[in-house]
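What follows is the content of work-v1.cif (mmCIF, C-alpha atoms).
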data_target
loop_
_atom_site.label_atom_id
_atom_site.label_comp_id
_atom_site.auth_asym_id
_atom_site.auth_seq_id
_atom_site.Cartn_x
_atom_site.Cartn_y
_atom_site.Cartn_z
CA MET A 218 -151.69 86.94 -45.08
CA ASN A 219 -148.64 86.07 -43.06
CA LYS A 220 -148.28 82.28 -42.98
CA PHE A 221 -146.13 82.30 -39.86
CA ASN A 222 -145.76 84.21 -36.65
CA ILE A 223 -142.46 83.90 -34.88
CA SER A 224 -140.86 86.04 -32.24
CA GLY A 225 -137.85 87.07 -34.33
CA ARG A 226 -135.72 90.09 -33.57
CA MET A 227 -137.30 92.16 -36.34
CA LYS A 228 -139.78 91.87 -39.20
CA ILE A 229 -137.89 92.95 -42.33
CA ILE A 230 -138.83 93.22 -45.98
CA VAL A 231 -135.86 92.54 -48.26
CA THR A 232 -136.39 93.36 -51.93
CA GLY A 233 -134.17 91.66 -54.48
CA SER A 234 -134.05 88.63 -52.19
CA ALA A 235 -133.42 86.25 -55.12
CA GLY A 236 -130.40 88.31 -56.13
CA PHE A 237 -126.78 87.83 -55.16
CA ILE A 238 -126.57 90.33 -52.28
CA GLY A 239 -130.21 89.88 -51.26
CA PHE A 240 -129.86 86.12 -50.90
CA SER A 241 -126.70 86.43 -48.82
CA LEU A 242 -128.25 89.09 -46.59
CA CYS A 243 -131.45 87.08 -46.06
CA THR A 244 -129.39 84.03 -45.12
CA LYS A 245 -127.65 85.96 -42.32
CA LEU A 246 -130.81 87.66 -41.06
CA ILE A 247 -132.68 84.34 -40.99
CA GLU A 248 -129.83 82.75 -39.04
CA ARG A 249 -130.10 85.36 -36.30
CA GLY A 250 -133.88 84.89 -36.01
CA ASP A 251 -135.37 87.81 -37.91
CA GLU A 252 -138.65 87.34 -39.76
CA ILE A 253 -137.90 87.97 -43.43
CA ILE A 254 -140.37 88.79 -46.20
CA GLY A 255 -138.52 88.47 -49.50
CA ILE A 256 -139.61 90.23 -52.68
CA ASP A 257 -138.15 89.68 -56.17
CA ASN A 258 -139.46 89.84 -59.73
CA HIS A 259 -137.19 86.98 -60.96
CA ASN A 260 -136.42 88.81 -64.22
CA ASP A 261 -134.28 87.15 -66.87
CA TYR A 262 -131.44 89.71 -66.96
CA TYR A 263 -129.34 86.67 -66.08
CA ASP A 264 -130.16 82.95 -65.77
CA PRO A 265 -133.28 82.72 -63.54
CA LYS A 266 -132.26 79.19 -62.49
CA ILE A 267 -129.69 80.54 -60.05
CA LYS A 268 -132.33 82.86 -58.59
CA ASP A 269 -134.71 79.95 -58.18
CA ALA A 270 -131.97 77.93 -56.48
CA ARG A 271 -131.31 80.73 -54.00
CA ILE A 272 -135.01 81.03 -53.11
CA GLU A 273 -135.36 77.27 -52.77
CA ILE A 274 -132.68 77.42 -50.04
CA LEU A 275 -134.23 80.41 -48.26
CA SER A 276 -137.72 78.92 -48.38
CA ARG A 277 -136.61 75.91 -46.32
CA LYS A 278 -136.59 78.22 -43.29
CA SER A 279 -139.79 78.84 -41.34
CA ASN A 280 -138.94 82.53 -40.83
CA TYR A 281 -138.79 83.30 -44.56
CA GLN A 282 -141.69 84.04 -46.89
CA HIS A 283 -141.30 84.89 -50.57
CA TYR A 284 -143.28 87.02 -53.01
CA LYS A 285 -142.71 87.24 -56.75
CA VAL A 286 -143.48 90.91 -57.28
CA ASP A 287 -142.11 93.67 -59.50
CA LEU A 288 -141.58 96.94 -57.63
CA SER A 289 -143.29 98.80 -60.46
CA ASP A 290 -146.50 96.85 -59.63
CA ARG A 291 -147.69 99.31 -57.02
CA ASN A 292 -150.92 97.58 -55.99
CA THR A 293 -149.33 94.18 -55.34
CA LEU A 294 -146.41 95.75 -53.50
CA ASP A 295 -148.81 97.76 -51.35
CA LYS A 296 -150.61 94.54 -50.40
CA VAL A 297 -147.39 92.90 -49.19
CA PHE A 298 -146.66 95.89 -46.95
CA GLU A 299 -150.26 95.95 -45.71
CA ASP A 300 -150.20 92.25 -44.83
CA HIS A 301 -146.83 92.28 -43.06
CA LYS A 302 -146.28 95.83 -41.75
CA PRO A 303 -142.48 95.49 -41.54
CA GLN A 304 -140.41 97.35 -38.98
CA ARG A 305 -137.51 97.79 -41.42
CA VAL A 306 -136.91 97.50 -45.15
CA VAL A 307 -133.79 96.76 -47.18
CA ASN A 308 -134.20 97.66 -50.84
CA LEU A 309 -131.72 95.72 -52.97
CA ALA A 310 -134.02 95.20 -55.96
CA ALA A 311 -132.79 97.03 -59.05
CA GLN A 312 -132.08 96.65 -62.71
CA ALA A 313 -128.34 96.07 -62.51
CA GLY A 314 -125.53 96.50 -65.00
CA VAL A 315 -123.68 99.56 -66.30
CA ARG A 316 -123.37 98.47 -69.94
CA TYR A 317 -126.94 97.17 -70.21
CA SER A 318 -128.18 100.61 -69.16
CA MET A 319 -126.94 101.92 -72.52
CA GLU A 320 -129.00 99.32 -74.39
CA ASN A 321 -132.20 99.54 -72.36
CA PRO A 322 -132.24 102.72 -70.25
CA LEU A 323 -136.00 102.68 -69.64
CA ALA A 324 -135.68 99.40 -67.69
CA TYR A 325 -133.67 101.40 -65.14
CA ILE A 326 -136.31 104.10 -64.88
CA ASP A 327 -139.08 101.53 -64.27
CA SER A 328 -137.22 99.48 -61.66
CA ASN A 329 -134.73 101.83 -60.04
CA ILE A 330 -136.77 105.04 -59.96
CA VAL A 331 -140.49 104.20 -60.22
CA GLY A 332 -140.02 101.04 -58.15
CA PHE A 333 -138.01 102.91 -55.52
CA ALA A 334 -140.71 105.58 -55.29
CA HIS A 335 -143.21 102.81 -54.47
CA ILE A 336 -140.89 101.54 -51.73
CA LEU A 337 -140.58 105.02 -50.23
CA GLU A 338 -144.36 105.52 -50.24
CA ASN A 339 -144.95 102.23 -48.46
CA CYS A 340 -142.25 102.99 -45.90
CA ARG A 341 -143.99 106.29 -45.26
CA ASN A 342 -147.51 104.86 -45.12
CA TYR A 343 -146.63 101.95 -42.83
CA ARG A 344 -144.29 103.94 -40.58
CA VAL A 345 -141.21 101.85 -41.27
CA LYS A 346 -138.53 102.61 -38.69
CA HIS A 347 -135.58 102.43 -41.10
CA LEU A 348 -135.10 102.05 -44.85
CA VAL A 349 -131.69 100.85 -46.05
CA TYR A 350 -131.18 100.87 -49.81
CA ALA A 351 -128.49 99.93 -52.29
CA SER A 352 -126.62 102.66 -54.08
CA THR A 353 -123.38 102.11 -55.99
CA SER A 354 -119.79 103.26 -56.36
CA SER A 355 -120.77 104.11 -59.94
CA VAL A 356 -122.35 107.36 -58.69
CA TYR A 357 -118.83 108.79 -58.39
CA GLY A 358 -118.73 108.75 -62.19
CA ALA A 359 -116.30 111.36 -63.49
CA ASN A 360 -114.69 111.89 -60.05
CA THR A 361 -110.95 111.18 -60.08
CA LYS A 362 -109.99 112.09 -56.49
CA MET A 363 -109.10 108.87 -54.69
CA PRO A 364 -110.23 107.26 -52.51
CA PHE A 365 -113.87 108.04 -53.24
CA SER A 366 -115.42 109.71 -50.19
CA GLU A 367 -119.07 110.20 -49.32
CA HIS A 368 -118.13 113.73 -48.26
CA ASP A 369 -117.25 114.65 -51.86
CA SER A 370 -119.98 115.60 -54.31
CA ALA A 371 -121.03 112.92 -56.82
CA ASN A 372 -123.00 114.78 -59.42
CA HIS A 373 -121.47 113.56 -62.68
CA PRO A 374 -122.64 109.94 -63.26
CA LEU A 375 -121.47 108.29 -66.48
CA SER A 376 -124.32 105.81 -67.00
CA VAL A 377 -128.10 105.71 -66.64
CA TYR A 378 -127.60 103.00 -64.00
CA ALA A 379 -125.44 105.35 -61.91
CA ALA A 380 -127.85 108.24 -62.47
CA SER A 381 -130.78 106.13 -61.29
CA LYS A 382 -128.94 105.27 -58.07
CA LYS A 383 -127.99 108.88 -57.44
CA SER A 384 -131.68 109.69 -57.95
CA ASN A 385 -132.52 107.18 -55.21
CA GLU A 386 -130.26 109.02 -52.78
CA LEU A 387 -132.01 112.32 -53.55
CA MET A 388 -135.50 110.80 -53.40
CA ALA A 389 -134.70 109.24 -50.03
CA HIS A 390 -133.52 112.59 -48.70
CA SER A 391 -136.83 114.23 -49.61
CA TYR A 392 -138.76 111.51 -47.72
CA SER A 393 -136.44 111.82 -44.74
CA TYR A 394 -137.13 115.57 -44.73
CA LEU A 395 -140.86 115.52 -45.38
CA TYR A 396 -141.86 112.48 -43.31
CA GLN A 397 -138.92 111.97 -40.93
CA LEU A 398 -138.32 108.53 -42.46
CA PRO A 399 -134.81 107.38 -41.49
CA THR A 400 -132.99 106.31 -44.66
CA THR A 401 -129.47 104.98 -45.23
CA GLY A 402 -127.92 104.63 -48.67
CA LEU A 403 -125.07 102.17 -49.15
CA ARG A 404 -122.64 102.63 -52.04
CA PHE A 405 -121.37 99.13 -52.84
CA PHE A 406 -117.96 98.61 -54.43
CA THR A 407 -117.60 95.63 -56.87
CA VAL A 408 -119.16 92.82 -54.87
CA TYR A 409 -118.05 89.23 -55.56
CA GLY A 410 -118.19 85.79 -53.98
CA PRO A 411 -120.20 82.54 -53.89
CA TRP A 412 -123.66 82.71 -55.47
CA GLY A 413 -122.50 85.74 -57.47
CA ARG A 414 -124.12 87.17 -60.58
CA PRO A 415 -123.41 85.33 -63.85
CA ASP A 416 -123.19 88.66 -65.71
CA MET A 417 -120.24 89.87 -63.65
CA ALA A 418 -116.58 89.49 -64.54
CA LEU A 419 -115.56 86.81 -62.03
CA PHE A 420 -118.40 84.50 -63.06
CA LYS A 421 -117.83 85.04 -66.79
CA PHE A 422 -114.05 84.69 -66.50
CA THR A 423 -114.33 81.45 -64.51
CA LYS A 424 -116.73 79.91 -67.02
CA ALA A 425 -114.60 80.93 -70.01
CA ILE A 426 -111.30 79.76 -68.53
CA LEU A 427 -112.74 76.35 -67.62
CA GLU A 428 -114.13 76.03 -71.16
CA ASP A 429 -110.83 77.10 -72.79
CA LYS A 430 -112.48 80.22 -74.19
CA THR A 431 -111.03 83.72 -74.42
CA ILE A 432 -111.97 86.32 -71.83
CA GLU A 433 -112.51 89.97 -72.77
CA VAL A 434 -110.57 92.40 -70.59
CA PHE A 435 -111.48 96.06 -71.04
CA ASN A 436 -109.29 99.14 -70.69
CA HIS A 437 -106.43 96.85 -71.75
CA GLY A 438 -106.41 95.40 -68.22
CA LYS A 439 -105.58 98.72 -66.58
CA HIS A 440 -108.67 98.85 -64.36
CA THR A 441 -108.31 98.90 -60.59
CA ARG A 442 -111.30 97.88 -58.50
CA ASP A 443 -112.08 97.87 -54.80
CA PHE A 444 -113.28 94.24 -54.95
CA THR A 445 -115.39 93.54 -51.87
CA TYR A 446 -116.26 90.04 -50.68
CA ILE A 447 -119.94 89.30 -50.16
CA ASP A 448 -119.64 88.47 -46.43
CA ASP A 449 -117.99 91.85 -45.80
CA ILE A 450 -120.77 93.60 -47.72
CA VAL A 451 -123.46 91.81 -45.69
CA GLU A 452 -121.72 92.73 -42.44
CA GLY A 453 -121.87 96.39 -43.45
CA ILE A 454 -125.53 96.19 -44.43
CA ILE A 455 -126.53 94.60 -41.12
CA LYS A 456 -124.53 97.11 -39.05
CA SER A 457 -126.30 99.91 -40.92
CA LEU A 458 -129.74 98.27 -40.71
CA ASP A 459 -129.50 97.86 -36.95
CA ASN A 460 -128.74 101.56 -36.47
CA PRO A 461 -131.34 103.86 -38.07
CA ALA A 462 -130.02 106.99 -39.73
CA SER A 463 -129.88 109.98 -37.42
CA ILE A 464 -129.72 113.75 -37.78
CA ASN A 465 -126.30 115.41 -38.05
CA SER A 466 -126.73 118.24 -35.55
CA ASN A 467 -123.56 119.89 -36.88
CA TRP A 468 -124.74 119.96 -40.49
CA ASN A 469 -124.06 123.37 -42.01
CA SER A 470 -126.15 124.58 -44.95
CA ASN A 471 -123.39 127.01 -45.94
CA GLN A 472 -120.98 124.10 -46.31
CA PRO A 473 -123.32 121.14 -46.85
CA ASP A 474 -121.88 117.69 -46.21
CA PRO A 475 -123.05 115.36 -49.04
CA ALA A 476 -122.93 112.32 -46.71
CA THR A 477 -125.22 113.53 -43.92
CA SER A 478 -128.06 115.97 -43.31
CA LYS A 479 -130.14 117.90 -40.81
CA VAL A 480 -132.72 115.14 -41.36
CA PRO A 481 -132.37 111.38 -40.61
CA TRP A 482 -130.52 110.54 -43.84
CA CYS A 483 -127.00 109.33 -44.51
CA ILE A 484 -124.77 107.71 -47.12
CA TYR A 485 -121.97 105.16 -46.56
CA ASN A 486 -119.40 103.54 -48.79
CA ILE A 487 -119.04 99.79 -48.33
CA GLY A 488 -115.82 98.59 -49.91
CA ASN A 489 -112.68 96.67 -49.13
CA ASN A 490 -110.55 99.84 -48.94
CA LYS A 491 -107.82 97.94 -50.83
CA PRO A 492 -108.01 98.50 -54.59
CA VAL A 493 -106.62 95.67 -56.72
CA GLN A 494 -105.34 95.72 -60.28
CA LEU A 495 -107.69 93.78 -62.54
CA MET A 496 -104.78 91.69 -63.82
CA ASP A 497 -103.93 90.70 -60.22
CA TYR A 498 -107.58 89.69 -59.75
CA ILE A 499 -107.33 87.52 -62.88
CA ASP A 500 -104.05 86.09 -61.59
CA ALA A 501 -105.78 85.08 -58.32
CA LEU A 502 -108.48 83.37 -60.39
CA GLU A 503 -105.92 81.52 -62.54
CA LYS A 504 -104.21 80.22 -59.40
CA ALA A 505 -107.52 79.10 -57.85
CA LEU A 506 -108.45 77.28 -61.07
CA GLY A 507 -104.95 75.98 -61.77
CA LYS A 508 -105.33 77.19 -65.34
CA LYS A 509 -104.17 80.19 -67.40
CA ALA A 510 -106.60 82.54 -69.11
CA LYS A 511 -106.66 83.37 -72.81
CA ILE A 512 -107.11 87.14 -72.91
CA ASN A 513 -108.42 89.56 -75.52
CA PHE A 514 -107.55 93.10 -74.42
CA LEU A 515 -110.09 95.75 -75.43
CA PRO A 516 -110.47 99.54 -74.96
CA LEU A 517 -112.33 101.22 -72.09
CA GLN A 518 -116.08 100.83 -72.59
CA PRO A 519 -118.53 103.77 -72.49
CA GLY A 520 -119.96 104.19 -68.99
CA ASP A 521 -117.10 102.32 -67.30
CA VAL A 522 -115.13 104.00 -64.53
CA PRO A 523 -111.38 103.23 -64.84
CA ASP A 524 -110.70 102.95 -61.10
CA THR A 525 -112.60 102.61 -57.83
CA TYR A 526 -111.29 102.95 -54.29
CA ALA A 527 -113.56 103.25 -51.26
CA ASN A 528 -112.92 105.51 -48.32
CA ILE A 529 -114.73 103.59 -45.55
CA ASP A 530 -113.69 105.75 -42.59
CA ASN A 531 -117.31 106.67 -41.77
CA LEU A 532 -118.46 103.07 -41.47
CA LYS A 533 -115.32 102.13 -39.52
CA GLU A 534 -115.71 104.95 -37.03
CA LYS A 535 -119.45 104.57 -36.51
CA TYR A 536 -119.88 100.79 -36.49
CA ASN A 537 -116.36 99.38 -36.25
CA TYR A 538 -116.77 97.97 -39.75
CA GLN A 539 -113.67 96.15 -40.95
CA PRO A 540 -113.64 94.04 -44.13
CA SER A 541 -111.49 90.97 -43.56
CA THR A 542 -111.46 88.88 -46.76
CA SER A 543 -108.51 89.16 -49.14
CA VAL A 544 -109.02 88.86 -52.88
CA ILE A 545 -106.96 85.65 -52.93
CA ASP A 546 -109.20 84.02 -50.31
CA GLY A 547 -112.42 85.45 -51.73
CA VAL A 548 -111.73 84.29 -55.29
CA SER A 549 -110.77 80.86 -53.98
CA HIS A 550 -114.08 80.63 -52.07
CA PHE A 551 -115.95 81.56 -55.24
CA VAL A 552 -114.17 78.92 -57.33
CA ASP A 553 -114.94 76.25 -54.71
CA TRP A 554 -118.61 77.23 -54.81
CA TYR A 555 -118.69 77.38 -58.63
CA LYS A 556 -117.24 73.89 -59.01
CA ASP A 557 -119.67 72.50 -56.45
CA TYR A 558 -122.72 74.26 -57.92
CA TYR A 559 -121.97 73.16 -61.49
CA LYS A 560 -120.68 69.73 -60.41
CA ILE A 561 -117.25 70.26 -61.99
#
Can you turn what I pasted into structure tokens?
Amino acid sequence: MNKFNISGRMKIIVTGSAGFIGFSLCTKLIERGDEIIGIDNHNDYYDPKIKDARIEILSRKSNYQHYKVDLSDRNTLDKVFEDHKPQRVVNLAAQAGVRYSMENPLAYIDSNIVGFAHILENCRNYRVKHLVYASTSSVYGANTKMPFSEHDSANHPLSVYAASKKSNELMAHSYSYLYQLPTTGLRFFTVYGPWGRPDMALFKFTKAILEDKTIEVFNHGKHTRDFTYIDDIVEGIIKSLDNPASINSNWNSNQPDPATSKVPWCIYNIGNNKPVQLMDYIDALEKALGKKAKINFLPLQPGDVPDTYANIDNLKEKYNYQPSTSVIDGVSHFVDWYKDYYKI
């Protein structure tokens, strides 16, 4: 049962709370007084020690409670919902990684599709007022029209990871239609910053450069990415969470808008809206470290999208969302955290 009872602003379940984005979101929600129930399976896709360190910090707060649960474990997940009866849910738990989805695709089905179905069922059964869930810029797949807009179709994913996230958007729509469950999907664009994931480029590049090892740069360095700092991502999540999805009364079935619906369902991009060349990103890292990288240039990898660029007009217009952290500042903040965390 609930070990605490505070008068926070909202009672919120956050799945993936030991993860990079989940930890950062929980930190902000705790600070403003919400009652947070964190759920994470602590898998070993990357070093579990950093996950444990994140939860150790969150658990110091009286308005945070943690459960080690896999979303595919329906009975245990049901019990958490039954005990806490949250008002809102943020689903950030997922098997991450584009390239890993080619090695172990079934892990994505178990976590990202079966697990998400369990979340939807609990939101339905316990009358959750708003479900916000993580999607990804990877759903744009074979699209080449830039910037990527939620109003364009995204039906050609290039990886099982992307396909699983697109499936989440469709599953959410069916629940919004059948049960009037307000759902908001957020397509994140290349998130980075302190407490980031060790499997992502910035973390791996930093480690390699400091150890005088060679970094692998795919697509011969010709990638562009809409790198988005973690604080800007969290701001977008909270703005969305606080405003449940609503019906688009102007939605036209003859010209269906892929971003909205005649039911309480919507999709938003969350990005920096300023794509950066990968080599410029590496240059910012070299300057922050005061050290040059040794680079091995490699071809484009299967499943990778060459370029990403977020159209964020919807989020700007609706919630006055405005990312404010430059890549130079964001990379510098990450390096400061990395050196402190690893005592360098």
Show me a table, sorted first by chain and then by increasing residue number, of the residues of stretch 290-364 of chain A having an atom at most 8 Å from stretch 524-537 of chain A, each with its shortest atom pair and the distance in Å to one decimal, counting all atoms listed in the file and written as a tab-separated table.
residue	atom	partner	partner_atom	distance
A:Ser354	CA	A:Thr525	CA	7.4
A:Met363	CA	A:Tyr526	CA	6.3
A:Pro364	CA	A:Tyr526	CA	4.8
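Compared by their closest atoms to A:Asn360, and using only C-alpha atoms, the residues A:Val408, A:Ile272, A:Leu375, A:Ile499 rank with A:Leu375 nearest.
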Checklist entry - What residues have an atom no more than 10 Å from (-123.9, 97.0, -43.3) in the file's own frame, counting all atoms listed in the file, and can you write them as a PyMOL selection string? => result chain A and resi 242+349+401+403+449-460+485-487+532+536+538
Checklist entry - Closest to A:Arg344 among A:Glu386, A:Asp369, A:Glu299, A:Asp261, using only C-alpha atoms? => result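 Comparing A:Glu386, A:Asp369, A:Glu299, A:Asp261 against A:Arg344, the winner is A:Glu299.
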Item to check | Which of A:Asp557, A:Asp443, A:Asp521, A:Glu338 sits closest to A:Phe406 [using all atoms listed in the file] | outcome: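 Selected residue with least distance to A:Phe406: A:Asp443.
Here the PyMOL selection byres ((chain A and resi 479) around 6) matches the residues Ile464, Asn465, Trp468, Ser478 and Val480 of chain A.
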Compile a residue-level contact table for stretch 386-473 of chain A against stretch 511-514 of chain A at a cut-off of 9 Å, reporting for every qualifying residue the shortest atom pair and its distance in Å to one decimal, with all atoms listed in the file counted, rows ordered by chain and ascending number, as a tab-separated table.
residue	atom	partner	partner_atom	distance
A:Ala425	CA	A:Lys511	CA	8.8
A:Ile426	CA	A:Lys511	CA	7.3
A:Asp429	CA	A:Lys511	CA	7.5
A:Lys430	CA	A:Lys511	CA	6.8
A:Thr431	CA	A:Lys511	CA	4.7
A:Ile432	CA	A:Ile512	CA	5.0
A:Glu433	CA	A:Asn513	CA	4.9
A:Val434	CA	A:Phe514	CA	4.9
A:Phe435	CA	A:Phe514	CA	6.0
A:Asn436	CA	A:Phe514	CA	7.3
A:His437	CA	A:Phe514	CA	4.7
A:Gly438	CA	A:Phe514	CA	6.7
Could you please take those selected residues and save C-alpha atoms as an mmCIF file, in the frame of the given file?
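Result went into out-v5.cif, see below:
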data_model
loop_
_atom_site.group_PDB
_atom_site.id
_atom_site.type_symbol
_atom_site.label_atom_id
_atom_site.label_comp_id
_atom_site.auth_asym_id
_atom_site.auth_seq_id
_atom_site.Cartn_x
_atom_site.Cartn_y
_atom_site.Cartn_z
ATOM 1 C CA ALA A 425 -114.600 80.930 -70.010
ATOM 2 C CA ILE A 426 -111.300 79.760 -68.530
ATOM 3 C CA ASP A 429 -110.830 77.100 -72.790
ATOM 4 C CA LYS A 430 -112.480 80.220 -74.190
ATOM 5 C CA THR A 431 -111.030 83.720 -74.420
ATOM 6 C CA ILE A 432 -111.970 86.320 -71.830
ATOM 7 C CA GLU A 433 -112.510 89.970 -72.770
ATOM 8 C CA VAL A 434 -110.570 92.400 -70.590
ATOM 9 C CA PHE A 435 -111.480 96.060 -71.040
ATOM 10 C CA ASN A 436 -109.290 99.140 -70.690
ATOM 11 C CA HIS A 437 -106.430 96.850 -71.750
ATOM 12 C CA GLY A 438 -106.410 95.400 -68.220
#
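Atom CA of A:Asp251 sits 16.6 Å away from atom CA of A:Phe298.
Comparing A:Ala476, A:Leu515, A:Val548, A:Ile256 by their smallest distance to A:Tyr498, the closest is A:Val548 (using all atoms listed in the file).
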Checklist entry - So which residues touch A:His259 within 8 Å, counting only C-alpha atoms, skipping near sequence neighbours fewer than 5 positions away, as a PyMOL selection string? => result chain A and resi 235+265+268-269+285
Checklist entry - If you apply the PyMOL selection byres ((chain A and resi 343) around 12) to this file, what residues do you get, as a count of residues only? => result 26
Checklist entry - Separation of atom CA of A:Thr441 and atom CA of A:Pro523, in Å? => result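 These two atoms are separated by 6.8 Å.
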For stretch 274-295 of chain A, supply N, CA and C atoms and report the output as a PDB file, in the coordinates of the input.
ATOM      1  N   ILE A 274    -133.431  77.554 -51.299  1.00  0.00           N
ATOM      2  CA  ILE A 274    -132.680  77.420 -50.040  1.00  0.00           C
ATOM      3  C   ILE A 274    -133.322  78.271 -48.944  1.00  0.00           C
ATOM      4  N   LEU A 275    -133.634  79.526 -49.264  1.00  0.00           N
ATOM      5  CA  LEU A 275    -134.230  80.410 -48.260  1.00  0.00           C
ATOM      6  C   LEU A 275    -135.576  79.889 -47.777  1.00  0.00           C
ATOM      7  N   SER A 276    -136.353  79.338 -48.706  1.00  0.00           N
ATOM      8  CA  SER A 276    -137.720  78.920 -48.380  1.00  0.00           C
ATOM      9  C   SER A 276    -137.780  77.685 -47.488  1.00  0.00           C
ATOM     10  N   ARG A 277    -136.647  77.050 -47.267  1.00  0.00           N
ATOM     11  CA  ARG A 277    -136.610  75.910 -46.320  1.00  0.00           C
ATOM     12  C   ARG A 277    -136.769  76.393 -44.881  1.00  0.00           C
ATOM     13  N   LYS A 278    -136.560  77.678 -44.651  1.00  0.00           N
ATOM     14  CA  LYS A 278    -136.590  78.220 -43.290  1.00  0.00           C
ATOM     15  C   LYS A 278    -137.987  78.737 -42.952  1.00  0.00           C
ATOM     16  N   SER A 279    -138.428  78.467 -41.741  1.00  0.00           N
ATOM     17  CA  SER A 279    -139.790  78.840 -41.340  1.00  0.00           C
ATOM     18  C   SER A 279    -139.942  80.348 -41.186  1.00  0.00           C
ATOM     19  N   ASN A 280    -138.842  81.071 -40.996  1.00  0.00           N
ATOM     20  CA  ASN A 280    -138.940  82.530 -40.830  1.00  0.00           C
ATOM     21  C   ASN A 280    -138.640  83.284 -42.113  1.00  0.00           C
ATOM     22  N   TYR A 281    -138.909  82.625 -43.258  1.00  0.00           N
ATOM     23  CA  TYR A 281    -138.790  83.300 -44.560  1.00  0.00           C
ATOM     24  C   TYR A 281    -140.051  83.068 -45.374  1.00  0.00           C
ATOM     25  N   GLN A 282    -140.546  84.138 -45.979  1.00  0.00           N
ATOM     26  CA  GLN A 282    -141.690  84.040 -46.890  1.00  0.00           C
ATOM     27  C   GLN A 282    -141.361  84.842 -48.140  1.00  0.00           C
ATOM     28  N   HIS A 283    -141.731  84.290 -49.305  1.00  0.00           N
ATOM     29  CA  HIS A 283    -141.300  84.890 -50.570  1.00  0.00           C
ATOM     30  C   HIS A 283    -142.487  85.340 -51.421  1.00  0.00           C
ATOM     31  N   TYR A 284    -142.291  86.496 -52.075  1.00  0.00           N
ATOM     32  CA  TYR A 284    -143.280  87.020 -53.010  1.00  0.00           C
ATOM     33  C   TYR A 284    -142.605  87.352 -54.336  1.00  0.00           C
ATOM     34  N   LYS A 285    -143.197  86.886 -55.417  1.00  0.00           N
ATOM     35  CA  LYS A 285    -142.710  87.240 -56.750  1.00  0.00           C
ATOM     36  C   LYS A 285    -143.467  88.485 -57.201  1.00  0.00           C
ATOM     37  N   VAL A 286    -142.838  89.623 -57.025  1.00  0.00           N
ATOM     38  CA  VAL A 286    -143.480  90.910 -57.280  1.00  0.00           C
ATOM     39  C   VAL A 286    -142.477  91.857 -57.927  1.00  0.00           C
ATOM     40  N   ASP A 287    -142.923  92.616 -58.914  1.00  0.00           N
ATOM     41  CA  ASP A 287    -142.110  93.670 -59.500  1.00  0.00           C
ATOM     42  C   ASP A 287    -142.404  94.973 -58.750  1.00  0.00           C
ATOM     43  N   LEU A 288    -141.371  95.714 -58.405  1.00  0.00           N
ATOM     44  CA  LEU A 288    -141.580  96.940 -57.630  1.00  0.00           C
ATOM     45  C   LEU A 288    -142.414  97.966 -58.380  1.00  0.00           C
ATOM     46  N   SER A 289    -142.464  97.864 -59.701  1.00  0.00           N
ATOM     47  CA  SER A 289    -143.290  98.800 -60.460  1.00  0.00           C
ATOM     48  C   SER A 289    -144.779  98.463 -60.369  1.00  0.00           C
ATOM     49  N   ASP A 290    -145.103  97.270 -59.840  1.00  0.00           N
ATOM     50  CA  ASP A 290    -146.500  96.850 -59.630  1.00  0.00           C
ATOM     51  C   ASP A 290    -146.943  97.381 -58.265  1.00  0.00           C
ATOM     52  N   ARG A 291    -147.413  98.612 -58.276  1.00  0.00           N
ATOM     53  CA  ARG A 291    -147.690  99.310 -57.020  1.00  0.00           C
ATOM     54  C   ARG A 291    -148.728  98.603 -56.161  1.00  0.00           C
ATOM     55  N   ASN A 292    -149.821  98.160 -56.767  1.00  0.00           N
ATOM     56  CA  ASN A 292    -150.920  97.580 -55.990  1.00  0.00           C
ATOM     57  C   ASN A 292    -150.500  96.305 -55.261  1.00  0.00           C
ATOM     58  N   THR A 293    -149.767  95.433 -55.969  1.00  0.00           N
ATOM     59  CA  THR A 293    -149.330  94.180 -55.340  1.00  0.00           C
ATOM     60  C   THR A 293    -148.307  94.454 -54.248  1.00  0.00           C
ATOM     61  N   LEU A 294    -147.403  95.392 -54.505  1.00  0.00           N
ATOM     62  CA  LEU A 294    -146.410  95.750 -53.500  1.00  0.00           C
ATOM     63  C   LEU A 294    -147.078  96.328 -52.261  1.00  0.00           C
ATOM     64  N   ASP A 295    -148.067  97.191 -52.478  1.00  0.00           N
ATOM     65  CA  ASP A 295    -148.810  97.760 -51.350  1.00  0.00           C
ATOM     66  C   ASP A 295    -149.434  96.669 -50.481  1.00  0.00           C
TER      67      ASP A 295
END
